[in-house]
4 protein chains.
Amino acid sequence: MVTGELQIRVRYAECDAMGVVHHSVYPIWFEMGRIELLRGTGTTYKQMEEAGQFLVVAKLEIRYRRPALNDDQLTLRTHCIEVGAAKIRHEYELLRGTEVLAVASSTIGCVDRAGRVCPMPSLLREAIAESGKTSGA
Amino acid sequence: MVTGELQIRVRYAECDAMGVVHHSVYPIWFEMGRIELLRGTGTTYKQMEEAGQFLVVAKLEIRYRRPALNDDQLTLRTHCIEVGAAKIRHEYELLRGTEVLAVASSTIGCVDRAGRVCPMPSLLREAIAESGKTSGA
Amino acid sequence: MVTGELQIRVRYAECDAMGVVHHSVYPIWFEMGRIELLRGTGTTYKQMEEAGQFLVVAKLEIRYRRPALNDDQLTLRTHCIEVGAAKIRHEYELLRGTEVLAVASSTIGCVDRAGRVCPMPSLLREAIAESGKTSGA
Amino acid sequence: MVTGELQIRVRYAECDAMGVVHHSVYPIWFEMGRIELLRGTGTTYKQMEEAGQFLVVAKLEIRYRRPALNDDQLTLRTHCIEVGAAKIRHEYELLRGTEVLAVASSTIGCVDRAGRVCPMPSLLREAIAESGKTSGA
């Protein structure tokens, strides 16, 4: 398993009329978590797109436990828990200090420029596998 | 079961660099679906908030099947499938014509101004129940 | 001058912690106004992009007079006030009933797929000119 | 004049179908710039809101010169150029390295919980004035 941490300062514009972060913002943060996790393996999602490989979310499940508040300093833990031939699965924990605000999981697939489903790039699979070995050492 | 339909024109700003609607936009549409469904029962979510009752998303699950595209004219079907003492469950289908782009489900709870969990307002429960009887007739 | 009107229902997610629409939402609405205005001339912005012509905002000025509130039913008036060889200027009024909530103006240019500045498509210029004659009749 | 710098990593969700940052994102960044500038003076905007003082944008003008791209690492320079009894004026420069992507200016006012215009809090005015003296030394 490969894990990464991202610090997030809640933006004012991310809060709704209840004064808490709107629930639609969490998927944006999770995507940032995936992108930073990938950067840590030595490649970037931007390079993947330039090579014509696009990662798309097929399934997303979020459990919101406590509200995130304006100006909060949060930690997002992103875990890559499975890298298959056709999909990658992640799990997420959003924390304020030691308090868990939300947990989530997602399944992503890979498509080409035309939107056709294609195998997960072997370079990506190897980079994640290699990174997992290193971080698990 | 109470069901409502909402027509949605995809906004340019809702699309990402792949030219498709970003997956974080769907929760915003589902919320619009719930709000319009509630309006159909004769009350509004705005009035609920003015009365100090806030609906919050506790759980959200989305399955993205096909991309929604810029300028698409979509139909969102929102179903209220369970109204309990403490929570309400909805299911959603997002369609372009007869093509299903996404299906989703959510569980929402009710909190007061201080964010404390409170029972679902009986007025809301009755309005939905009454509306269900009418639409099922 | 070509003018169009767009009805906008304020979304919950568009409101910030003050319970009013966040000021960053207005540019999204103005863009919707421009797109609907263009649709009224018989072409669509989507078709322009498919033909490799992209409209980009070069300048935007907004004066916010009164807050737009959650669930408000608003009217956006979009005026195309100048169509030149290289740029198009629009003005906007955002209204709740007869009350003016904001006024704005923008200048947009045209770029190709590579982001190079290019002349405004003559088809677009003619469509707007033709539409202006009709609506001014 | 008080000046602050903020590092911004462009988020994937902030890009539109052209693959560049949507122009409605810039006001969100400028607000972040103002909030961090305020934090640097020893108070926070969050504390102001808790004390019933809300800063609202009255006027915003943006000139977009070059597109910001996905995954760009940007620098936002925020300058507080005038602090009056009723309004504060800021100017902004958005940079990628030494390249200026956009310049902007805004005027903000202060309102109370009921949305009534009120004088700029003297504590805020003094904090900014004091900070200006220090940073100018």
# chains A, B, ... in the order shown; residues from 1 in each chain; ligands from 1
call {"tool": "interface_residues", "arguments": {"of": "chain D", "to": "chain B", "cutoff": "10 Å", "atoms": "only C-alpha atoms", "output": "VMD selection string"}}
result
chain D and resid 12 to 25 69 to 70
call {"tool": "residues_around", "arguments": {"residues": "region 79-82 of chain B", "least_positions_apart": "3", "cutoff": "7 Å", "atoms": "only C-alpha atoms", "output": "list in words"}}
result
Met1, Val2, Thr3, Gly4, Ile88, Arg89, His90, Glu91 and Tyr92 of chain B
call {"tool": "write_last_selection", "arguments": {"atoms": "N, CA and C atoms", "output": "CSV table (one decimal), in the first residue's frame"}}
result
chain,number,residue,atom,x,y,z
B,1,MET,N,-42.9,6.0,-2.4
B,1,MET,CA,-41.7,6.7,-2.9
B,1,MET,C,-42.1,8.0,-3.7
B,2,VAL,N,-41.4,9.0,-3.4
B,2,VAL,CA,-41.7,10.3,-4.0
B,2,VAL,C,-40.6,10.5,-5.1
B,3,THR,N,-40.9,11.0,-6.2
B,3,THR,CA,-40.0,11.1,-7.3
B,3,THR,C,-40.1,12.5,-8.0
B,4,GLY,N,-39.0,13.1,-8.3
B,4,GLY,CA,-39.1,14.3,-9.1
B,4,GLY,C,-38.1,14.4,-10.2
B,88,ILE,N,-33.0,10.5,6.0
B,88,ILE,CA,-33.8,10.4,4.8
B,88,ILE,C,-32.8,9.8,3.7
B,89,ARG,N,-33.3,8.8,3.0
B,89,ARG,CA,-32.4,8.3,1.9
B,89,ARG,C,-33.0,8.6,0.5
B,90,HIS,N,-32.1,9.0,-0.4
B,90,HIS,CA,-32.5,9.3,-1.7
B,90,HIS,C,-31.7,8.4,-2.7
B,91,GLU,N,-32.3,8.2,-3.9
B,91,GLU,CA,-31.5,7.6,-5.0
B,91,GLU,C,-31.7,8.5,-6.2
B,92,TYR,N,-30.7,8.5,-7.1
B,92,TYR,CA,-30.6,9.4,-8.2
B,92,TYR,C,-30.3,8.7,-9.5
call {"tool": "residues_around", "arguments": {"residues": "region 36-44 of chain C", "least_positions_apart": "6", "cutoff": "12 Å", "atoms": "only C-alpha atoms", "output": "ChimeraX atom specification"}}
result
/B:9,11-12,70-72 /C:1-7,29-30,50-51,53-55,76-80,88,90-92,121,123-135
call {"tool": "residues_around", "arguments": {"residues": "Gly109 (chain B)", "least_positions_apart": "5", "cutoff": "8 Å", "atoms": "only C-alpha atoms", "output": "MDAnalysis selection string"}}
result
chainID B and resid 55:58 86:88 117 120
call {"tool": "residues_around", "arguments": {"residues": "region 94-96 of chain D", "least_positions_apart": "3", "cutoff": "7 Å", "atoms": "only C-alpha atoms", "output": "VMD selection string"}}
result
chain D and resid 73 to 77 99 to 103
call {"tool": "calpha_fit_and_write", "arguments": {"fixed": "chain B", "moving": "chain D", "output": "CSV table (one decimal) with N, CA and C atoms, in the first residue's frame"}}
result
chain,number,residue,atom,x,y,z
D,1,MET,N,-42.9,6.0,-2.4
D,1,MET,CA,-41.7,6.7,-2.9
D,1,MET,C,-42.1,8.0,-3.6
D,2,VAL,N,-41.4,9.0,-3.4
D,2,VAL,CA,-41.7,10.3,-4.0
D,2,VAL,C,-40.6,10.5,-5.0
D,3,THR,N,-40.9,10.9,-6.2
D,3,THR,CA,-40.0,11.1,-7.3
D,3,THR,C,-40.1,12.5,-8.0
D,4,GLY,N,-39.0,13.1,-8.3
D,4,GLY,CA,-39.1,14.3,-9.0
D,4,GLY,C,-38.1,14.3,-10.2
D,5,GLU,N,-38.3,15.2,-11.2
D,5,GLU,CA,-37.4,15.3,-12.3
D,5,GLU,C,-36.9,16.8,-12.4
D,6,LEU,N,-35.7,16.9,-12.7
D,6,LEU,CA,-35.1,18.2,-12.9
D,6,LEU,C,-34.3,18.3,-14.2
D,7,GLN,N,-34.5,19.3,-15.0
D,7,GLN,CA,-33.8,19.5,-16.2
D,7,GLN,C,-32.5,20.3,-15.9
D,8,ILE,N,-31.4,19.8,-16.4
D,8,ILE,CA,-30.1,20.5,-16.2
D,8,ILE,C,-29.4,20.7,-17.5
D,9,ARG,N,-29.0,22.0,-17.7
D,9,ARG,CA,-28.1,22.3,-18.9
D,9,ARG,C,-26.7,22.4,-18.3
D,10,VAL,N,-25.8,21.5,-18.9
D,10,VAL,CA,-24.4,21.5,-18.4
D,10,VAL,C,-23.8,22.9,-18.6
D,11,ARG,N,-23.2,23.5,-17.6
D,11,ARG,CA,-22.5,24.7,-17.7
D,11,ARG,C,-21.0,24.5,-18.2
D,12,TYR,N,-20.5,25.5,-18.9
D,12,TYR,CA,-19.1,25.4,-19.4
D,12,TYR,C,-18.2,25.2,-18.2
D,13,ALA,N,-18.4,26.0,-17.2
D,13,ALA,CA,-17.5,26.0,-16.0
D,13,ALA,C,-17.5,24.7,-15.3
D,14,GLU,N,-18.5,23.8,-15.6
D,14,GLU,CA,-18.6,22.5,-14.9
D,14,GLU,C,-17.8,21.5,-15.5
D,15,CYS,N,-17.2,21.8,-16.7
D,15,CYS,CA,-16.4,20.8,-17.4
D,15,CYS,C,-14.9,21.0,-17.1
D,16,ASP,N,-14.2,19.9,-17.1
D,16,ASP,CA,-12.8,19.9,-16.8
D,16,ASP,C,-11.9,19.8,-18.0
D,17,ALA,N,-10.6,19.6,-17.9
D,17,ALA,CA,-9.7,19.6,-19.0
D,17,ALA,C,-10.0,18.4,-20.0
D,18,MET,N,-10.7,17.4,-19.6
D,18,MET,CA,-11.1,16.4,-20.5
D,18,MET,C,-12.3,16.7,-21.3
D,19,GLY,N,-12.9,17.9,-21.0
D,19,GLY,CA,-14.1,18.3,-21.8
D,19,GLY,C,-15.4,17.6,-21.3
D,20,VAL,N,-15.3,17.0,-20.1
D,20,VAL,CA,-16.5,16.4,-19.6
D,20,VAL,C,-16.7,17.0,-18.2
D,21,VAL,N,-17.9,16.8,-17.7
D,21,VAL,CA,-18.3,17.4,-16.4
D,21,VAL,C,-17.4,16.7,-15.3
D,22,HIS,N,-16.8,17.6,-14.5
D,22,HIS,CA,-16.0,17.1,-13.4
D,22,HIS,C,-16.8,16.3,-12.4
D,23,HIS,N,-16.3,15.2,-11.9
D,23,HIS,CA,-17.1,14.4,-11.0
D,23,HIS,C,-17.6,15.0,-9.7
D,24,SER,N,-17.0,16.2,-9.3
D,24,SER,CA,-17.4,16.8,-8.1
D,24,SER,C,-18.7,17.7,-8.3
D,25,VAL,N,-19.1,17.8,-9.5
D,25,VAL,CA,-20.3,18.6,-9.8
D,25,VAL,C,-21.6,17.8,-9.5
D,26,TYR,N,-21.5,16.5,-9.7
D,26,TYR,CA,-22.7,15.6,-9.5
D,26,TYR,C,-23.4,15.8,-8.1
D,27,PRO,N,-22.6,15.9,-7.0
D,27,PRO,CA,-23.2,16.1,-5.7
D,27,PRO,C,-24.0,17.4,-5.7
D,28,ILE,N,-23.6,18.4,-6.4
D,28,ILE,CA,-24.3,19.7,-6.4
D,28,ILE,C,-25.6,19.5,-7.1
D,29,TRP,N,-25.6,18.8,-8.2
D,29,TRP,CA,-26.9,18.5,-8.9
D,29,TRP,C,-27.8,17.7,-8.1
D,30,PHE,N,-27.3,16.7,-7.4
D,30,PHE,CA,-28.2,15.8,-6.5
D,30,PHE,C,-28.8,16.7,-5.5
D,31,GLU,N,-28.1,17.6,-4.9
D,31,GLU,CA,-28.7,18.5,-3.9
D,31,GLU,C,-29.8,19.3,-4.5
D,32,MET,N,-29.6,19.8,-5.7
D,32,MET,CA,-30.6,20.5,-6.4
D,32,MET,C,-31.9,19.6,-6.6
D,33,GLY,N,-31.6,18.4,-6.9
D,33,GLY,CA,-32.7,17.4,-7.0
D,33,GLY,C,-33.5,17.3,-5.7
D,34,ARG,N,-32.8,17.2,-4.6
D,34,ARG,CA,-33.5,17.0,-3.3
D,34,ARG,C,-34.3,18.3,-3.0
D,35,ILE,N,-33.7,19.4,-3.3
D,35,ILE,CA,-34.3,20.7,-3.0
D,35,ILE,C,-35.6,20.9,-3.8
D,36,GLU,N,-35.6,20.6,-5.1
D,36,GLU,CA,-36.8,20.7,-5.9
D,36,GLU,C,-37.8,19.7,-5.5
D,37,LEU,N,-37.4,18.5,-5.1
D,37,LEU,CA,-38.3,17.5,-4.6
D,37,LEU,C,-39.1,18.0,-3.4
D,38,LEU,N,-38.3,18.6,-2.5
D,38,LEU,CA,-38.9,19.2,-1.3
D,38,LEU,C,-39.9,20.3,-1.6
D,39,ARG,N,-39.5,21.1,-2.6
D,39,ARG,CA,-40.4,22.2,-3.0
D,39,ARG,C,-41.7,21.7,-3.5
D,40,GLY,N,-41.6,20.6,-4.2
D,40,GLY,CA,-42.9,19.9,-4.7
D,40,GLY,C,-43.8,19.5,-3.6
D,41,THR,N,-43.3,19.3,-2.4
D,41,THR,CA,-44.2,18.9,-1.3
D,41,THR,C,-44.9,20.1,-0.6
D,42,GLY,N,-44.5,21.3,-1.0
D,42,GLY,CA,-45.2,22.4,-0.5
D,42,GLY,C,-44.4,23.2,0.5
D,43,THR,N,-43.2,22.7,0.9
D,43,THR,CA,-42.3,23.5,1.8
D,43,THR,C,-41.0,23.7,1.0
D,44,THR,N,-40.1,24.5,1.5
D,44,THR,CA,-38.8,24.7,0.9
D,44,THR,C,-37.7,24.5,1.9
D,45,TYR,N,-36.5,24.1,1.4
D,45,TYR,CA,-35.4,23.9,2.3
D,45,TYR,C,-35.0,25.3,2.9
D,46,LYS,N,-35.2,26.3,2.1
D,46,LYS,CA,-34.8,27.7,2.7
D,46,LYS,C,-35.7,28.0,3.9
D,47,GLN,N,-36.9,27.6,3.9
D,47,GLN,CA,-37.8,27.8,5.1
D,47,GLN,C,-37.3,26.9,6.3
D,48,MET,N,-36.9,25.7,5.9
D,48,MET,CA,-36.4,24.8,7.0
D,48,MET,C,-35.2,25.5,7.7
D,49,GLU,N,-34.3,26.0,6.9
D,49,GLU,CA,-33.1,26.6,7.5
D,49,GLU,C,-33.4,27.8,8.3
D,50,GLU,N,-34.4,28.6,7.8
D,50,GLU,CA,-34.9,29.8,8.6
D,50,GLU,C,-35.5,29.3,9.9
D,51,ALA,N,-36.0,28.1,10.0
D,51,ALA,CA,-36.6,27.6,11.2
D,51,ALA,C,-35.5,26.9,12.0
D,52,GLY,N,-34.3,26.9,11.6
D,52,GLY,CA,-33.2,26.3,12.4
D,52,GLY,C,-33.0,24.9,12.2
D,53,GLN,N,-33.5,24.3,11.1
D,53,GLN,CA,-33.3,22.9,10.8
D,53,GLN,C,-32.5,22.7,9.5
D,54,PHE,N,-31.3,22.1,9.6
D,54,PHE,CA,-30.4,21.9,8.5
D,54,PHE,C,-30.2,20.5,8.1
D,55,LEU,N,-30.3,20.2,6.9
D,55,LEU,CA,-30.1,18.8,6.4
D,55,LEU,C,-28.7,18.7,6.0
D,56,VAL,N,-28.0,17.6,6.4
D,56,VAL,CA,-26.6,17.4,6.1
D,56,VAL,C,-26.4,16.0,5.5
D,57,VAL,N,-25.5,16.0,4.6
D,57,VAL,CA,-25.2,14.7,3.9
D,57,VAL,C,-24.3,13.9,4.8
D,58,ALA,N,-24.7,12.7,5.2
D,58,ALA,CA,-23.9,11.8,6.0
D,58,ALA,C,-23.2,10.7,5.2
D,59,LYS,N,-23.8,10.4,4.0
D,59,LYS,CA,-23.2,9.3,3.2
D,59,LYS,C,-23.6,9.6,1.7
D,60,LEU,N,-22.7,9.4,0.9
D,60,LEU,CA,-22.9,9.6,-0.6
D,60,LEU,C,-22.2,8.6,-1.4
D,61,GLU,N,-22.9,7.9,-2.3
D,61,GLU,CA,-22.2,6.9,-3.2
D,61,GLU,C,-22.6,7.2,-4.6
D,62,ILE,N,-21.7,7.3,-5.5
D,62,ILE,CA,-21.9,7.7,-6.9
D,62,ILE,C,-21.2,6.7,-7.8
D,63,ARG,N,-22.0,6.2,-8.8
D,63,ARG,CA,-21.4,5.3,-9.8
D,63,ARG,C,-21.5,6.1,-11.1
D,64,TYR,N,-20.3,6.5,-11.7
D,64,TYR,CA,-20.2,7.2,-12.9
D,64,TYR,C,-20.1,6.3,-14.1
D,65,ARG,N,-21.1,6.3,-15.0
D,65,ARG,CA,-21.1,5.3,-16.1
D,65,ARG,C,-20.6,5.8,-17.4
D,66,ARG,N,-21.1,7.0,-17.7
D,66,ARG,CA,-20.6,7.7,-19.0
D,66,ARG,C,-20.5,9.2,-18.7
D,67,PRO,N,-19.6,9.8,-19.4
D,67,PRO,CA,-19.4,11.2,-19.1
D,67,PRO,C,-20.5,12.1,-19.6
D,68,ALA,N,-20.8,13.1,-18.8
D,68,ALA,CA,-21.7,14.2,-19.2
D,68,ALA,C,-20.9,15.2,-19.9
D,69,LEU,N,-21.4,15.8,-21.0
D,69,LEU,CA,-20.6,16.7,-21.8
D,69,LEU,C,-21.1,18.1,-21.8
D,70,ASN,N,-20.2,19.0,-22.1
D,70,ASN,CA,-20.5,20.5,-22.1
D,70,ASN,C,-21.8,20.7,-23.0
D,71,ASP,N,-22.7,21.5,-22.4
D,71,ASP,CA,-23.9,21.9,-23.1
D,71,ASP,C,-24.9,20.9,-23.2
D,72,ASP,N,-24.7,19.7,-22.6
D,72,ASP,CA,-25.7,18.6,-22.6
D,72,ASP,C,-26.9,19.1,-21.9
D,73,GLN,N,-28.1,18.6,-22.4
D,73,GLN,CA,-29.3,18.8,-21.7
D,73,GLN,C,-29.6,17.5,-21.0
D,74,LEU,N,-29.6,17.5,-19.6
D,74,LEU,CA,-29.7,16.3,-18.9
D,74,LEU,C,-31.0,16.3,-18.1
D,75,THR,N,-31.4,15.1,-17.7
D,75,THR,CA,-32.5,14.9,-16.7
D,75,THR,C,-32.0,14.2,-15.5
D,76,LEU,N,-32.3,14.8,-14.3
D,76,LEU,CA,-32.0,14.1,-13.1
D,76,LEU,C,-33.3,13.6,-12.4
D,77,ARG,N,-33.3,12.3,-12.2
D,77,ARG,CA,-34.5,11.8,-11.4
D,77,ARG,C,-34.1,11.6,-10.0
D,78,THR,N,-34.8,12.2,-9.1
D,78,THR,CA,-34.5,12.0,-7.7
D,78,THR,C,-35.6,11.3,-7.0
D,79,HIS,N,-35.3,10.2,-6.3
D,79,HIS,CA,-36.3,9.4,-5.6
D,79,HIS,C,-36.0,9.5,-4.1
D,80,CYS,N,-37.0,9.8,-3.3
D,80,CYS,CA,-36.9,9.8,-1.9
D,80,CYS,C,-37.4,8.4,-1.5
D,81,ILE,N,-36.5,7.5,-1.1
D,81,ILE,CA,-36.8,6.1,-0.9
D,81,ILE,C,-37.1,5.7,0.5
D,82,GLU,N,-36.7,6.6,1.5
D,82,GLU,CA,-36.9,6.2,2.9
D,82,GLU,C,-36.9,7.5,3.7
D,83,VAL,N,-37.9,7.6,4.6
D,83,VAL,CA,-37.9,8.8,5.5
D,83,VAL,C,-38.1,8.2,6.9
D,84,GLY,N,-37.0,8.3,7.6
D,84,GLY,CA,-37.0,7.7,9.0
D,84,GLY,C,-37.1,8.8,10.0
D,85,ALA,N,-37.0,8.5,11.3
D,85,ALA,CA,-37.0,9.5,12.4
D,85,ALA,C,-35.8,10.3,12.4
D,86,ALA,N,-34.7,9.8,11.9
D,86,ALA,CA,-33.4,10.5,12.0
D,86,ALA,C,-32.7,10.7,10.7
D,87,LYS,N,-33.2,10.0,9.6
D,87,LYS,CA,-32.5,10.2,8.3
D,87,LYS,C,-33.4,10.0,7.2
D,88,ILE,N,-33.0,10.5,6.0
D,88,ILE,CA,-33.8,10.4,4.8
D,88,ILE,C,-32.8,9.8,3.7
D,89,ARG,N,-33.3,8.8,3.0
D,89,ARG,CA,-32.5,8.3,1.9
D,89,ARG,C,-33.0,8.6,0.5
D,90,HIS,N,-32.1,9.0,-0.4
D,90,HIS,CA,-32.5,9.3,-1.7
D,90,HIS,C,-31.7,8.4,-2.7
D,91,GLU,N,-32.3,8.2,-3.9
D,91,GLU,CA,-31.5,7.6,-5.0
D,91,GLU,C,-31.7,8.5,-6.2
D,92,TYR,N,-30.7,8.5,-7.1
D,92,TYR,CA,-30.6,9.4,-8.2
D,92,TYR,C,-30.3,8.7,-9.5
D,93,GLU,N,-30.9,9.1,-10.6
D,93,GLU,CA,-30.4,8.7,-11.9
D,93,GLU,C,-30.2,9.9,-12.7
D,94,LEU,N,-29.1,10.0,-13.3
D,94,LEU,CA,-28.8,11.1,-14.2
D,94,LEU,C,-28.8,10.6,-15.7
D,95,LEU,N,-29.7,11.2,-16.5
D,95,LEU,CA,-29.9,10.7,-17.8
D,95,LEU,C,-29.7,11.8,-18.9
D,96,ARG,N,-29.2,11.3,-20.1
D,96,ARG,CA,-29.1,12.1,-21.3
D,96,ARG,C,-30.0,11.4,-22.2
D,97,GLY,N,-31.2,11.9,-22.4
D,97,GLY,CA,-32.2,11.1,-23.2
D,97,GLY,C,-32.5,9.9,-22.4
D,98,THR,N,-32.4,8.7,-23.0
D,98,THR,CA,-32.6,7.5,-22.3
D,98,THR,C,-31.3,6.8,-21.7
D,99,GLU,N,-30.2,7.5,-22.0
D,99,GLU,CA,-28.9,6.9,-21.6
D,99,GLU,C,-28.6,7.3,-20.1
D,100,VAL,N,-28.3,6.3,-19.3
D,100,VAL,CA,-28.0,6.6,-17.9
D,100,VAL,C,-26.5,6.9,-17.8
D,101,LEU,N,-26.3,8.2,-17.3
D,101,LEU,CA,-24.9,8.6,-17.1
D,101,LEU,C,-24.3,8.3,-15.8
D,102,ALA,N,-25.2,8.3,-14.8
D,102,ALA,CA,-24.7,8.0,-13.4
D,102,ALA,C,-25.9,7.6,-12.5
D,103,VAL,N,-25.6,6.8,-11.5
D,103,VAL,CA,-26.6,6.5,-10.5
D,103,VAL,C,-26.0,6.7,-9.2
D,104,ALA,N,-26.8,7.1,-8.2
D,104,ALA,CA,-26.2,7.5,-6.9
D,104,ALA,C,-27.2,7.3,-5.8
D,105,SER,N,-26.7,7.3,-4.5
D,105,SER,CA,-27.6,7.3,-3.4
D,105,SER,C,-27.0,8.1,-2.3
D,106,SER,N,-27.8,8.6,-1.4
D,106,SER,CA,-27.3,9.4,-0.3
D,106,SER,C,-28.2,9.2,0.9
D,107,THR,N,-27.6,9.5,2.1
D,107,THR,CA,-28.3,9.5,3.4
D,107,THR,C,-28.1,10.8,4.0
D,108,ILE,N,-29.2,11.5,4.3
D,108,ILE,CA,-29.0,12.8,5.0
D,108,ILE,C,-29.6,12.7,6.4
D,109,GLY,N,-29.1,13.5,7.3
D,109,GLY,CA,-29.6,13.7,8.6
D,109,GLY,C,-30.0,15.1,8.9
D,110,CYS,N,-30.4,15.4,10.1
D,110,CYS,CA,-30.8,16.8,10.4
D,110,CYS,C,-30.0,17.3,11.6
D,111,VAL,N,-29.6,18.5,11.5
D,111,VAL,CA,-28.9,19.1,12.7
D,111,VAL,C,-29.5,20.5,13.0
D,112,ASP,N,-29.3,21.0,14.2
D,112,ASP,CA,-29.8,22.3,14.5
D,112,ASP,C,-28.7,23.3,14.3
D,113,ARG,N,-28.9,24.6,14.7
D,113,ARG,CA,-27.9,25.7,14.4
D,113,ARG,C,-26.6,25.4,14.9
D,114,ALA,N,-26.5,24.7,16.1
D,114,ALA,CA,-25.3,24.4,16.7
D,114,ALA,C,-24.6,23.1,16.1
D,115,GLY,N,-25.3,22.5,15.2
D,115,GLY,CA,-24.7,21.3,14.5
D,115,GLY,C,-25.0,20.0,15.3
D,116,ARG,N,-25.9,20.1,16.3
D,116,ARG,CA,-26.3,18.9,17.0
D,116,ARG,C,-27.3,18.1,16.2
D,117,VAL,N,-27.1,16.8,16.2
D,117,VAL,CA,-28.0,15.9,15.5
D,117,VAL,C,-29.4,16.1,16.1
D,118,CYS,N,-30.5,16.2,15.3
D,118,CYS,CA,-31.8,16.3,15.9
D,118,CYS,C,-32.8,15.4,15.0
D,119,PRO,N,-34.0,15.1,15.5
D,119,PRO,CA,-34.9,14.3,14.7
D,119,PRO,C,-35.3,15.0,13.5
D,120,MET,N,-35.6,14.3,12.5
D,120,MET,CA,-36.2,14.8,11.2
D,120,MET,C,-37.5,15.5,11.6
D,121,PRO,N,-37.6,16.8,11.1
D,121,PRO,CA,-38.9,17.5,11.5
D,121,PRO,C,-40.1,16.7,11.0
D,122,SER,N,-41.1,16.6,11.9
D,122,SER,CA,-42.3,15.8,11.6
D,122,SER,C,-43.1,16.5,10.4
D,123,LEU,N,-43.0,17.8,10.3
D,123,LEU,CA,-43.7,18.5,9.2
D,123,LEU,C,-43.1,18.0,7.9
D,124,LEU,N,-41.8,17.8,7.9
D,124,LEU,CA,-41.1,17.4,6.6
D,124,LEU,C,-41.5,15.9,6.3
D,125,ARG,N,-41.5,15.1,7.4
D,125,ARG,CA,-41.9,13.7,7.2
D,125,ARG,C,-43.3,13.5,6.7
D,126,GLU,N,-44.2,14.3,7.3
D,126,GLU,CA,-45.6,14.3,6.8
D,126,GLU,C,-45.8,14.8,5.4
D,127,ALA,N,-45.1,15.9,5.1
D,127,ALA,CA,-45.2,16.4,3.7
D,127,ALA,C,-44.7,15.4,2.7
D,128,ILE,N,-43.6,14.7,3.0
D,128,ILE,CA,-43.1,13.7,2.0
D,128,ILE,C,-44.1,12.6,2.0
D,129,ALA,N,-44.6,12.1,3.1
D,129,ALA,CA,-45.5,11.0,3.1
D,129,ALA,C,-46.7,11.3,2.3
D,130,GLU,N,-47.3,12.5,2.6
D,130,GLU,CA,-48.5,12.9,1.9
D,130,GLU,C,-48.3,13.0,0.4
D,131,SER,N,-47.1,13.6,0.0
D,131,SER,CA,-46.8,13.7,-1.4
D,131,SER,C,-46.7,12.4,-2.1
D,132,GLY,N,-46.1,11.4,-1.3
D,132,GLY,CA,-45.9,10.1,-1.8
D,132,GLY,C,-47.3,9.4,-2.2
D,133,LYS,N,-48.2,9.6,-1.2
D,133,LYS,CA,-49.6,9.0,-1.4
D,133,LYS,C,-50.2,9.6,-2.7
D,134,THR,N,-50.0,10.9,-2.8
D,134,THR,CA,-50.6,11.6,-4.0
D,134,THR,C,-50.0,11.1,-5.3
D,135,SER,N,-48.7,11.1,-5.3
D,135,SER,CA,-48.0,10.8,-6.6
D,135,SER,C,-48.2,9.3,-6.9
D,136,GLY,N,-48.5,8.5,-5.9
D,136,GLY,CA,-48.6,7.1,-6.1
D,136,GLY,C,-50.1,6.7,-6.5
D,137,ALA,N,-51.0,7.7,-6.4
D,137,ALA,CA,-52.4,7.4,-6.7
D,137,ALA,C,-52.6,7.1,-8.1
